[in-house]
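target-v1.txt follows (compact mmCIF, C-alpha atoms):
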```
# COMPACT_ATOMS: atom_id res chain seq x y z
CA MET G 14 14.29 -6.62 7.99
CA PRO G 15 13.85 -10.36 7.26
CA VAL G 16 13.61 -9.87 3.46
CA LYS G 17 16.78 -9.20 1.50
CA ASN G 18 16.95 -8.69 -2.24
CA ARG G 19 19.37 -8.76 -5.16
CA LEU G 20 17.83 -5.79 -6.93
CA GLU G 21 20.93 -3.58 -6.95
CA GLU G 22 23.12 -6.45 -8.18
CA LEU G 23 20.66 -7.32 -10.98
CA ARG G 24 20.14 -3.69 -11.99
CA LYS G 25 23.88 -3.13 -12.28
CA ALA G 26 24.33 -6.41 -14.17
CA HIS G 27 21.78 -5.13 -16.71
CA GLY G 28 23.60 -1.78 -16.93
CA LEU G 29 20.61 0.21 -15.73
CA ARG G 30 20.45 3.37 -13.67
CA GLN G 31 17.87 3.61 -10.87
CA GLU G 32 15.88 6.12 -12.96
CA GLU G 33 15.72 3.75 -15.92
CA LEU G 34 14.55 0.81 -13.83
CA ALA G 35 12.01 3.07 -12.11
CA ASP G 36 10.64 4.15 -15.52
CA VAL G 37 10.27 0.55 -16.67
CA LEU G 38 8.54 -0.54 -13.47
CA GLU G 39 6.48 2.67 -13.30
CA VAL G 40 7.57 3.55 -9.78
CA SER G 41 9.56 6.48 -8.43
CA ARG G 42 13.36 6.44 -8.32
CA GLN G 43 13.16 6.76 -4.53
CA THR G 44 11.22 3.49 -4.38
CA ILE G 45 14.02 1.70 -6.23
CA GLY G 46 16.55 3.24 -3.83
CA SER G 47 14.55 2.17 -0.79
CA LEU G 48 14.12 -1.36 -2.17
CA GLU G 49 17.84 -1.66 -2.79
CA ASN G 50 18.65 -0.41 0.70
CA GLY G 51 16.18 -2.87 2.21
CA ARG G 52 14.20 -0.06 3.83
CA TYR G 53 11.06 -0.97 1.93
CA ASN G 54 9.50 -4.29 0.97
CA PRO G 55 7.52 -4.24 -2.29
CA SER G 56 3.92 -5.29 -2.73
CA ILE G 57 3.42 -8.69 -4.31
CA LEU G 58 2.43 -6.94 -7.56
CA LEU G 59 5.65 -4.94 -7.72
CA ALA G 60 7.66 -8.04 -6.79
CA PHE G 61 6.06 -9.87 -9.74
CA LYS G 62 6.80 -6.94 -12.05
CA ILE G 63 10.44 -6.92 -10.98
CA ALA G 64 10.74 -10.70 -11.34
CA ARG G 65 9.13 -10.64 -14.80
CA TYR G 66 11.38 -7.83 -15.93
CA PHE G 67 14.54 -9.71 -14.97
CA GLY G 68 13.12 -13.06 -16.17
CA MET G 69 13.51 -14.69 -12.78
CA SER G 70 11.27 -15.98 -10.02
CA ILE G 71 10.44 -13.83 -7.00
CA GLU G 72 12.37 -16.20 -4.73
CA GLU G 73 15.50 -15.70 -6.80
CA ILE G 74 15.37 -11.94 -6.23
CA PHE G 75 13.81 -11.63 -2.78
CA ILE G 76 15.29 -13.77 -0.07
CA TYR G 77 13.28 -14.34 3.07
CA GLU G 78 15.43 -15.00 6.08
CA GLU G 79 13.51 -16.49 8.95
CA GLU G 80 14.17 -14.76 12.22
CA GLN G 81 15.75 -16.96 14.84
CA LEU G 82 13.45 -17.66 17.78
CA MET F 26 -8.24 16.20 -17.88
CA LYS F 27 -10.92 18.49 -19.31
CA TRP F 28 -13.17 17.96 -16.29
CA LYS F 29 -10.30 18.90 -13.96
CA LYS F 30 -9.75 22.17 -15.80
CA ASN F 31 -13.47 22.92 -15.68
CA LEU F 32 -13.55 22.12 -11.96
CA TYR F 33 -10.68 24.50 -11.17
CA ILE F 34 -12.20 27.24 -13.33
CA ALA F 35 -15.50 26.75 -11.46
CA LEU F 36 -13.65 26.98 -8.12
CA ILE F 37 -12.01 30.26 -9.23
CA ALA F 38 -15.47 31.54 -10.14
CA VAL F 39 -16.76 30.51 -6.69
CA GLY F 40 -13.82 32.32 -5.06
CA LEU F 41 -14.47 35.47 -7.09
CA GLY F 42 -18.16 35.14 -6.23
CA LEU F 43 -17.32 35.05 -2.52
CA ILE F 44 -15.16 38.17 -2.86
CA GLY F 45 -18.01 39.85 -4.74
CA THR F 46 -20.43 38.83 -1.98
CA VAL F 47 -18.16 40.40 0.63
CA TYR F 48 -18.07 43.71 -1.29
CA LEU F 49 -21.84 43.63 -1.86
CA PHE F 50 -22.62 43.12 1.82
CA LEU F 51 -19.75 45.22 3.20
CA ASP F 52 -21.96 48.07 4.35
CA LYS F 53 -24.88 45.84 5.31
CA GLY F 54 -23.70 44.81 8.74
CA ILE F 55 -21.51 41.82 7.89
CA SER F 56 -19.15 41.16 10.82
CA PRO F 57 -15.36 41.56 10.42
CA ARG F 58 -14.99 37.89 11.40
CA GLY F 59 -17.37 36.93 8.58
CA ILE F 60 -15.46 39.09 6.10
CA GLY F 61 -12.19 37.49 7.17
CA ALA F 62 -13.58 33.99 6.85
CA LEU F 63 -15.09 34.60 3.40
CA MET F 64 -11.95 36.33 2.09
CA GLY F 65 -9.80 33.51 3.48
CA ILE F 66 -11.90 30.83 1.82
CA ALA F 67 -12.00 32.80 -1.44
CA SER F 68 -8.25 33.40 -1.60
CA GLY F 69 -7.57 29.76 -0.69
CA LEU F 70 -9.86 28.52 -3.47
CA ILE F 71 -8.40 30.90 -6.04
CA GLY F 72 -4.78 30.19 -5.04
CA MET F 73 -5.21 26.42 -5.09
CA SER F 74 -7.13 26.44 -8.39
CA VAL F 75 -4.64 28.73 -10.16
CA SER F 76 -1.70 26.56 -9.06
CA GLN F 77 -3.50 23.39 -10.24
CA LEU F 78 -4.35 25.01 -13.58
CA LEU F 79 -0.72 26.03 -14.03
CA THR F 80 0.39 22.45 -13.26
CA LEU F 81 -2.10 21.08 -15.80
CA ARG F 82 -0.86 23.58 -18.38
CA MET F 83 2.76 22.55 -17.77
CA GLU F 84 1.76 18.89 -18.10
CA ASP F 85 0.02 19.68 -21.41
CA THR F 86 3.18 21.19 -22.85
CA ASP F 87 5.44 18.45 -21.46
CA PRO F 88 3.86 14.94 -21.58
CA SER F 89 6.90 13.40 -19.85
CA LEU F 90 6.21 15.64 -16.85
CA ARG F 91 2.62 14.35 -16.77
CA LYS F 92 3.86 10.75 -16.82
CA ARG F 93 6.37 11.49 -14.04
CA ASN F 94 3.71 13.20 -11.90
CA GLU F 95 1.32 10.30 -12.54
CA ILE F 96 4.00 7.80 -11.44
CA GLU F 97 4.74 9.86 -8.32
CA ARG F 98 1.02 9.95 -7.48
CA LYS F 99 0.48 6.22 -7.98
CA ASP F 100 3.82 5.00 -6.62
CA GLU F 101 3.05 2.34 -4.01
CA ARG F 102 5.71 3.54 -1.56
CA ASN F 103 4.44 7.12 -1.79
CA LEU F 104 0.89 5.87 -1.23
CA ALA F 105 1.99 3.84 1.80
CA ILE F 106 3.85 6.84 3.22
CA ARG F 107 0.86 9.11 2.64
CA CYS F 108 -1.56 6.64 4.27
CA ARG F 109 0.69 6.11 7.28
CA ALA F 110 1.21 9.86 7.73
CA LYS F 111 -2.52 10.52 7.48
CA ALA F 112 -3.36 7.77 9.98
CA LEU F 113 -0.76 8.93 12.51
CA SER F 114 -1.64 12.61 12.18
CA GLY F 115 -5.31 11.68 12.66
CA ASP F 116 -4.45 9.83 15.86
CA VAL F 117 -2.28 12.68 17.15
CA LEU F 118 -5.05 15.16 16.40
CA LEU F 119 -7.58 12.97 18.20
CA TRP F 120 -5.45 12.78 21.33
CA ALA F 121 -4.90 16.55 21.12
CA VAL F 122 -8.68 16.95 21.11
CA VAL F 123 -8.89 14.72 24.21
CA GLY F 124 -6.19 16.89 25.83
CA ILE F 125 -8.11 20.06 24.99
CA SER F 126 -11.21 18.46 26.47
CA TRP F 127 -9.48 17.75 29.79
CA LEU F 128 -7.86 21.19 29.76
CA SER F 129 -11.16 22.94 29.13
CA PHE F 130 -12.75 20.89 31.93
CA GLY F 131 -9.92 21.84 34.30
CA LEU F 132 -10.01 25.53 33.35
CA GLY F 133 -13.78 25.72 33.67
CA ALA F 134 -14.31 26.58 30.00
CA PRO F 135 -17.87 26.79 28.62
CA SER F 136 -19.60 23.43 28.44
CA TRP F 137 -20.08 23.66 24.64
CA ILE F 138 -16.31 23.30 24.21
CA LEU F 139 -16.35 20.11 26.26
CA LEU F 140 -19.34 18.81 24.29
CA LEU F 141 -17.73 19.74 20.97
CA THR F 142 -14.46 17.95 21.77
CA ALA F 143 -16.39 14.89 23.02
CA ALA F 144 -18.46 14.92 19.80
CA VAL F 145 -15.30 15.10 17.66
CA PHE F 146 -13.80 12.16 19.59
CA VAL F 147 -16.96 10.04 19.24
CA ALA F 148 -17.41 10.96 15.54
CA LYS F 149 -13.81 10.06 14.70
CA SER F 150 -14.00 6.78 16.62
CA LEU F 151 -17.29 5.83 14.92
CA LEU F 152 -15.92 6.71 11.48
CA GLU F 153 -12.82 4.63 12.19
CA LEU F 154 -14.99 1.66 13.25
CA CYS F 155 -17.19 1.96 10.13
CA LEU F 156 -14.14 2.09 7.87
CA MET F 157 -12.60 -0.91 9.64
CA ILE F 158 -15.78 -2.94 9.07
CA ARG F 159 -15.89 -1.87 5.43
CA TYR F 160 -12.24 -2.75 4.80
CA GLN F 161 -12.64 -6.09 6.62
CA GLN F 162 -15.42 -6.95 4.15
CA GLU F 163 -13.35 -5.80 1.19
CA MET F 164 -10.12 -7.59 2.12
```

What do you get writing this file as structure tokens?
Amino acid sequence: MPVKNRLEELRKAHGLRQEELADVLEVSRQTIGSLENGRYNPSILLAFKIARYFGMSIEEIFIYEEEQL
Amino acid sequence: MKWKKNLYIALIAVGLGLIGTVYLFLDKGISPRGIGALMGIASGLIGMSVSQLLTLRMEDTDPSLRKRNEIERKDERNLAIRCRAKALSGDVLLWAVVGISWLSFGLGAPSWILLLTAAVFVAKSLLELCLMIRYQQEM
């Protein structure tokens, strides 16, 4: 998966449980788990929601790693 | 929410109506296959509607449950999973229909089976094409 994220790190830094973050972002707890594990990439809307919630830019949370050719 | 309740109550009424119809026409030459089909549809309608009404009632008494269910329904990952599962199961079903078509041809089954499976294949392919054109215009 070429997109990594700092969601787990940021959530823990804010002292939140997955359920609490899921409630704020209005997604399921499983979605938060999948995002943290890198199994699922969010839509641009959800990425904006996450970035706004943590007061950061999308690029600061989601890191795109270009695949080597 | 009110319209949902009314819809499920109406579906229960339809189910009960079907059961009533079966009893009315029981001794008037209705085939056992017809009875089975009507009773199956009726019990399915009643069962589904009762379970939905119970869910709505539970959501009425517990608003947090309603919010949770709403989130689960609208969750983008759940939607993506549902769409992918539906698309794949549709494809698998279509290829199963093609398999049945070949099998029926090989086994010398009646021609209407072959025509029916071919019609299902063509209808699904056309519907897929129409939806692709529609989504290409939308996106």

Using only C-alpha atoms, which residues of region 31-130 of chain F come within 12 Å of region 48-67 of chain G, and what is the closest atom pair for each, with the distance in Å to one decimal? Give it as JSON lines, sorted by chain and residue number.
```
{"residue": "F:Asp100", "atom": "CA", "partner": "G:Leu59", "partner_atom": "CA", "distance": 10.2}
{"residue": "F:Glu101", "atom": "CA", "partner": "G:Ser56", "partner_atom": "CA", "distance": 7.8}
{"residue": "F:Arg102", "atom": "CA", "partner": "G:Tyr53", "partner_atom": "CA", "distance": 7.8}
{"residue": "F:Asn103", "atom": "CA", "partner": "G:Tyr53", "partner_atom": "CA", "distance": 11.1}
{"residue": "F:Leu104", "atom": "CA", "partner": "G:Ser56", "partner_atom": "CA", "distance": 11.7}
{"residue": "F:Ala105", "atom": "CA", "partner": "G:Tyr53", "partner_atom": "CA", "distance": 10.3}
{"residue": "F:Ile106", "atom": "CA", "partner": "G:Tyr53", "partner_atom": "CA", "distance": 10.7}
```

Expected answer as JSON, numbers by chain: chain G residues within 7 Å of chain F, only C-alpha atoms: {"G": [39, 40, 41, 44]}

Two-atom distance - CA of Leu70 (chain F), CA of Val39 (chain F) (Å): 7.9 Å

Draw an axis-aligned box over all listed atoms of region 88-94 of chain F, pad each side with 3 Å, and write its centre and edge lengths in Å, one decimal, as JSON.
```
{"center_x": 4.8, "center_y": 13.2, "center_z": -16.7, "size_x": 10.3, "size_y": 10.9, "size_z": 15.7}
```

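With distances restricted to all atoms listed in the file, F:Lys30 is the closest residue to Ser76 (chain F) from F:Lys30, F:Leu90, F:Leu49, F:Gly54.
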
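Here CA of Leu34 (chain G) is placed at a distance of 12.6 Å from CA of Glu22 (chain G).
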